[in-house]
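Trainee: Below are the structure tokens for one structure; questions will follow.
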Amino acid sequence: MIMVDQMAHNVIGHLGHPAVLTPHLDRLAARGVAFTSTYCNSPICVSSRTAFMTGTLVRDNGAYDNGSEFPASMPTFVHQLNQAGYQTILSGKMHFVGPDQLHGFQERLTSDISPTGLDLTPDWTRGPHANEGTSVNRLRYPPVRPWSLQMSYDDEVLHSTLVRLRQLGADAEDENAQPFFLCASFSHPHDPFLVPQAYWNLYEDRPIPPPEAPAADFASLHPYSQWIQIHHEVDRFP
């Protein structure tokens, strides 16, 4: 299973985006099946992953924000795979908050790139809380970089995944080999939006339509949705 972070389904050339260049994803989509009417259970990382791992809605698992602890007592689909006799392996980002950094995976090939403690846990007693925002502030950085922490991390995820896959391929020759489930989870295209020069140059003189994400009427929103608006500064920059 290949997982990426913060990639909208419609920002893929094969699925109709007029400007983005995604040749490898286009090839995957053309050879496979693209589900164009499916949705995450939450628009932010930790709660979406918790819902995905447990098969539960956010209202039932309590992961309302990026600082929510993922209790070790909550069963995941990976526990079920273990019981079915699979080797279960994780390479890359999962942003598990709390002491359990496996949640059923028997083996983890890399550390996480996100804080695993309670660094991001908000005080919900204050209501929808203000913070520094995660979108607009990060657009202030010069976008072209030869290297970043995220680029290095994703290189590590790719390398460790390929090494483990080759080992599994060699082991498969054994008649007693177990089936396996390996999740390769990359940080990109999560912000900050930094790219090497070569990728930046691909879009020179290429018209790019602006995103369509208008701000909602703030007062009419549920407090959780108000927080999402504040978190991404849509309330300040429509």
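Letters for chains follow the order of the structure tokens (A, B, ...), residue numbers begin at 1 for each chain, and ligand numbers begin at 1 in the order shown.
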Just the residues within 9 Å of A:Arg145, please, counting only C-alpha atoms, with nothing from its chain fewer than 4 positions along; format it as a ChimeraX atom specification.

Mentor: /A:194-197

Trainee: I want to know what sits within 10 Å of stretch 42-54 of chain A, based on only C-alpha atoms, with residues of the same chain fewer than 2 positions away left out; could you give that as a count of residues only?

Mentor: 35

Trainee: What lies within 12 Å of A:Asn10 using only C-alpha atoms, ignoring chain neighbours under 3 positions off, as a PDB file with C-alpha atoms, in the first residue's frame?

Mentor:
ATOM      1  CA  GLN A   6      -2.417  15.857   1.607  1.00  0.00           C
ATOM      2  CA  MET A   7      -2.856  14.941  -2.039  1.00  0.00           C
ATOM      3  CA  GLY A  13      -3.395  14.609 -14.765  1.00  0.00           C
ATOM      4  CA  HIS A  14      -5.196  11.357 -15.619  1.00  0.00           C
ATOM      5  CA  LEU A  15      -8.218  12.456 -13.570  1.00  0.00           C
ATOM      6  CA  GLY A  16      -8.587  15.731 -15.437  1.00  0.00           C
ATOM      7  CA  HIS A  17      -6.330  18.372 -13.883  1.00  0.00           C
ATOM      8  CA  PRO A  18      -5.314  20.730 -16.731  1.00  0.00           C
ATOM      9  CA  ALA A  19      -1.828  21.673 -15.514  1.00  0.00           C
ATOM     10  CA  VAL A  20      -0.272  19.221 -13.068  1.00  0.00           C
ATOM     11  CA  THR A  22       1.933  13.348 -12.731  1.00  0.00           C
ATOM     12  CA  LEU A  25       0.362   8.373 -11.058  1.00  0.00           C
ATOM     13  CA  ASP A  26      -1.256   8.687 -14.487  1.00  0.00           C
ATOM     14  CA  ALA A  29      -4.543   5.187 -12.625  1.00  0.00           C
ATOM     15  CA  ALA A  34      -9.727   5.193  -9.758  1.00  0.00           C
ATOM     16  CA  PHE A  35     -12.431   5.797  -7.156  1.00  0.00           C
ATOM     17  CA  THR A  36     -13.560   9.355  -7.892  1.00  0.00           C
ATOM     18  CA  SER A  37     -16.420   9.628  -5.377  1.00  0.00           C
ATOM     19  CA  THR A  38     -14.708   8.520  -2.177  1.00  0.00           C
ATOM     20  CA  TYR A  39     -13.877  10.770   0.760  1.00  0.00           C
ATOM     21  CA  PRO A 211      -7.632  26.702  -6.360  1.00  0.00           C
TER      22      PRO A 211
END

Trainee: Would you give me, as a ChimeraX atom specification, the residues in stretch 8-131 of chain A that DSSP reads as strand (DSSP E or B)?

Mentor: /A:87-92,107-108

Trainee: Can you spit out the residues from that selection as a PDB file, in the first residue's frame, using all heavy atoms?

Mentor:
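And here's part_1.pdb as it stands now:
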ATOM      1  N   GLN A  87       2.755 -11.131   7.580  1.00  0.00           N
ATOM      2  CA  GLN A  87       3.779 -10.237   8.094  1.00  0.00           C
ATOM      3  C   GLN A  87       3.294  -8.815   7.829  1.00  0.00           C
ATOM      4  O   GLN A  87       2.871  -8.509   6.704  1.00  0.00           O
ATOM      5  CB  GLN A  87       5.109 -10.426   7.359  1.00  0.00           C
ATOM      6  CG  GLN A  87       5.749 -11.766   7.495  1.00  0.00           C
ATOM      7  CD  GLN A  87       7.056 -11.807   6.720  1.00  0.00           C
ATOM      8  OE1 GLN A  87       8.058 -11.243   7.142  1.00  0.00           O
ATOM      9  NE2 GLN A  87       7.041 -12.476   5.579  1.00  0.00           N
ATOM     10  N   THR A  88       3.371  -7.939   8.808  1.00  0.00           N
ATOM     11  CA  THR A  88       2.873  -6.575   8.635  1.00  0.00           C
ATOM     12  C   THR A  88       4.012  -5.598   8.901  1.00  0.00           C
ATOM     13  O   THR A  88       4.628  -5.613   9.968  1.00  0.00           O
ATOM     14  CB  THR A  88       1.682  -6.293   9.561  1.00  0.00           C
ATOM     15  OG1 THR A  88       2.032  -6.625  10.912  1.00  0.00           O
ATOM     16  CG2 THR A  88       0.474  -7.109   9.134  1.00  0.00           C
ATOM     17  N   ILE A  89       4.272  -4.731   7.922  1.00  0.00           N
ATOM     18  CA  ILE A  89       5.464  -3.888   7.930  1.00  0.00           C
ATOM     19  C   ILE A  89       5.074  -2.458   7.561  1.00  0.00           C
ATOM     20  O   ILE A  89       4.328  -2.235   6.605  1.00  0.00           O
ATOM     21  CB  ILE A  89       6.503  -4.423   6.915  1.00  0.00           C
ATOM     22  CG1 ILE A  89       6.791  -5.909   7.164  1.00  0.00           C
ATOM     23  CG2 ILE A  89       7.787  -3.604   6.953  1.00  0.00           C
ATOM     24  CD1 ILE A  89       7.319  -6.635   5.954  1.00  0.00           C
ATOM     25  N   LEU A  90       5.612  -1.509   8.304  1.00  0.00           N
ATOM     26  CA  LEU A  90       5.360  -0.087   8.052  1.00  0.00           C
ATOM     27  C   LEU A  90       6.663   0.618   7.722  1.00  0.00           C
ATOM     28  O   LEU A  90       7.643   0.510   8.449  1.00  0.00           O
ATOM     29  CB  LEU A  90       4.714   0.567   9.274  1.00  0.00           C
ATOM     30  CG  LEU A  90       4.569   2.096   9.244  1.00  0.00           C
ATOM     31  CD1 LEU A  90       3.705   2.547   8.067  1.00  0.00           C
ATOM     32  CD2 LEU A  90       3.989   2.605  10.563  1.00  0.00           C
ATOM     33  N   SER A  91       6.652   1.353   6.624  1.00  0.00           N
ATOM     34  CA  SER A  91       7.775   2.208   6.258  1.00  0.00           C
ATOM     35  C   SER A  91       7.239   3.619   6.072  1.00  0.00           C
ATOM     36  O   SER A  91       6.411   3.862   5.196  1.00  0.00           O
ATOM     37  CB  SER A  91       8.426   1.712   4.960  1.00  0.00           C
ATOM     38  OG  SER A  91       9.448   2.600   4.536  1.00  0.00           O
ATOM     39  N   GLY A  92       7.688   4.560   6.925  1.00  0.00           N
ATOM     40  CA  GLY A  92       7.309   5.947   6.710  1.00  0.00           C
ATOM     41  C   GLY A  92       6.353   6.516   7.727  1.00  0.00           C
ATOM     42  O   GLY A  92       6.229   6.043   8.851  1.00  0.00           O
ATOM     43  N   GLU A 107       6.559  -4.703  12.427  1.00  0.00           N
ATOM     44  CA  GLU A 107       7.889  -4.200  12.073  1.00  0.00           C
ATOM     45  C   GLU A 107       7.741  -2.779  11.550  1.00  0.00           C
ATOM     46  O   GLU A 107       6.847  -2.480  10.760  1.00  0.00           O
ATOM     47  CB  GLU A 107       8.478  -5.116  10.992  1.00  0.00           C
ATOM     48  CG  GLU A 107       9.898  -4.855  10.611  1.00  0.00           C
ATOM     49  CD  GLU A 107      10.366  -5.850   9.545  1.00  0.00           C
ATOM     50  OE1 GLU A 107       9.669  -6.865   9.315  1.00  0.00           O
ATOM     51  OE2 GLU A 107      11.418  -5.598   8.939  1.00  0.00           O
ATOM     52  N   ARG A 108       8.626  -1.881  12.009  1.00  0.00           N
ATOM     53  CA  ARG A 108       8.630  -0.509  11.500  1.00  0.00           C
ATOM     54  C   ARG A 108      10.034  -0.196  11.005  1.00  0.00           C
ATOM     55  O   ARG A 108      11.008  -0.325  11.753  1.00  0.00           O
ATOM     56  CB  ARG A 108       8.200   0.472  12.582  1.00  0.00           C
ATOM     57  CG  ARG A 108       8.109   1.886  12.067  1.00  0.00           C
ATOM     58  CD  ARG A 108       7.249   2.792  12.927  1.00  0.00           C
ATOM     59  NE  ARG A 108       6.984   4.020  12.194  1.00  0.00           N
ATOM     60  CZ  ARG A 108       6.070   4.912  12.509  1.00  0.00           C
ATOM     61  NH1 ARG A 108       5.307   4.717  13.576  1.00  0.00           N
ATOM     62  NH2 ARG A 108       5.889   5.995  11.780  1.00  0.00           N
TER      63      ARG A 108
END

Trainee: Quote the spacing between atom CA of A:Ile2 and atom CA of A:Pro146 in Å to one decimal place.

Mentor: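 Calculated distance between atom CA of A:Ile2 and atom CA of A:Pro146 is 24.7 Å.
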
Trainee: Counting only C-alpha atoms, which residue out of A:Phe181, A:Thr161, A:Trp124, A:Leu21 sits closest to A:Gln80?

Mentor: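 The shortest atom-to-atom distance to A:Gln80 comes from A:Phe181.
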
Trainee: If you measure from atom CA of A:Ala177 to atom CA of A:Tyr86, what distance in Å do you get, rounded to one decimal?

Mentor: 9.7 Å

Trainee: For A:Ser187, please output as a list in words all residues within 10 Å (counting only C-alpha atoms; exclusion window: fewer than 4 positions along the same chain).

Mentor: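 These residues fall inside the cut-off: Met3, Val4, Asp5, Gln6, Gly92, Lys93, Met94, Asp112, Ile113, Ser114, Gln150, Met151, Tyr153, Asp154, Val157 and Asp191 of chain A.
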
Trainee: Could those residues be written to a file, using N, CA and C atoms, as a compact mmCIF listing (two decimals), in the first residue's frame?

Mentor:
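out-v5.txt, freshly written:
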# COMPACT_ATOMS: atom_id res chain seq x y z
N MET A 3 1.00 5.22 0.40
CA MET A 3 0.21 6.31 0.97
C MET A 3 0.99 7.61 0.85
N VAL A 4 0.29 8.68 0.48
CA VAL A 4 0.88 10.01 0.46
C VAL A 4 0.03 10.94 1.32
N ASP A 5 0.56 12.11 1.60
CA ASP A 5 -0.10 12.99 2.57
C ASP A 5 -0.55 14.29 1.91
N GLN A 6 -1.83 14.60 2.07
CA GLN A 6 -2.42 15.86 1.61
C GLN A 6 -2.48 15.97 0.09
N GLY A 92 7.69 4.56 6.92
CA GLY A 92 7.31 5.95 6.71
C GLY A 92 6.35 6.52 7.73
N LYS A 93 5.64 7.53 7.29
CA LYS A 93 4.83 8.37 8.17
C LYS A 93 3.49 7.74 8.50
N MET A 94 3.11 7.79 9.76
CA MET A 94 1.75 7.47 10.18
C MET A 94 1.22 8.47 11.20
N ASP A 112 9.17 8.27 12.61
CA ASP A 112 8.15 9.15 12.02
C ASP A 112 8.74 10.54 11.82
N ILE A 113 8.17 11.28 10.88
CA ILE A 113 8.63 12.65 10.65
C ILE A 113 7.81 13.65 11.46
N SER A 114 6.68 13.22 11.99
CA SER A 114 5.78 14.10 12.74
C SER A 114 5.96 13.88 14.24
N GLN A 150 11.85 16.98 4.47
CA GLN A 150 10.85 16.07 3.90
C GLN A 150 11.40 15.30 2.72
N MET A 151 12.19 15.97 1.86
CA MET A 151 12.79 15.25 0.73
C MET A 151 13.68 14.13 1.24
N TYR A 153 13.50 12.62 4.14
CA TYR A 153 12.68 11.58 4.78
C TYR A 153 12.06 10.66 3.74
N ASP A 154 11.50 11.24 2.69
CA ASP A 154 10.86 10.41 1.66
C ASP A 154 11.89 9.56 0.93
N VAL A 157 12.29 6.62 3.18
CA VAL A 157 11.13 5.72 3.09
C VAL A 157 11.23 4.85 1.83
N ASP A 191 2.71 20.22 2.87
CA ASP A 191 3.52 21.42 3.02
C ASP A 191 4.58 21.21 4.10

Trainee: Report, in Å to a single decimal, how far apart atom CA of A:Asp217 and atom CA of A:Asp235 are.

Mentor: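 These atoms are spaced 9.2 Å apart.
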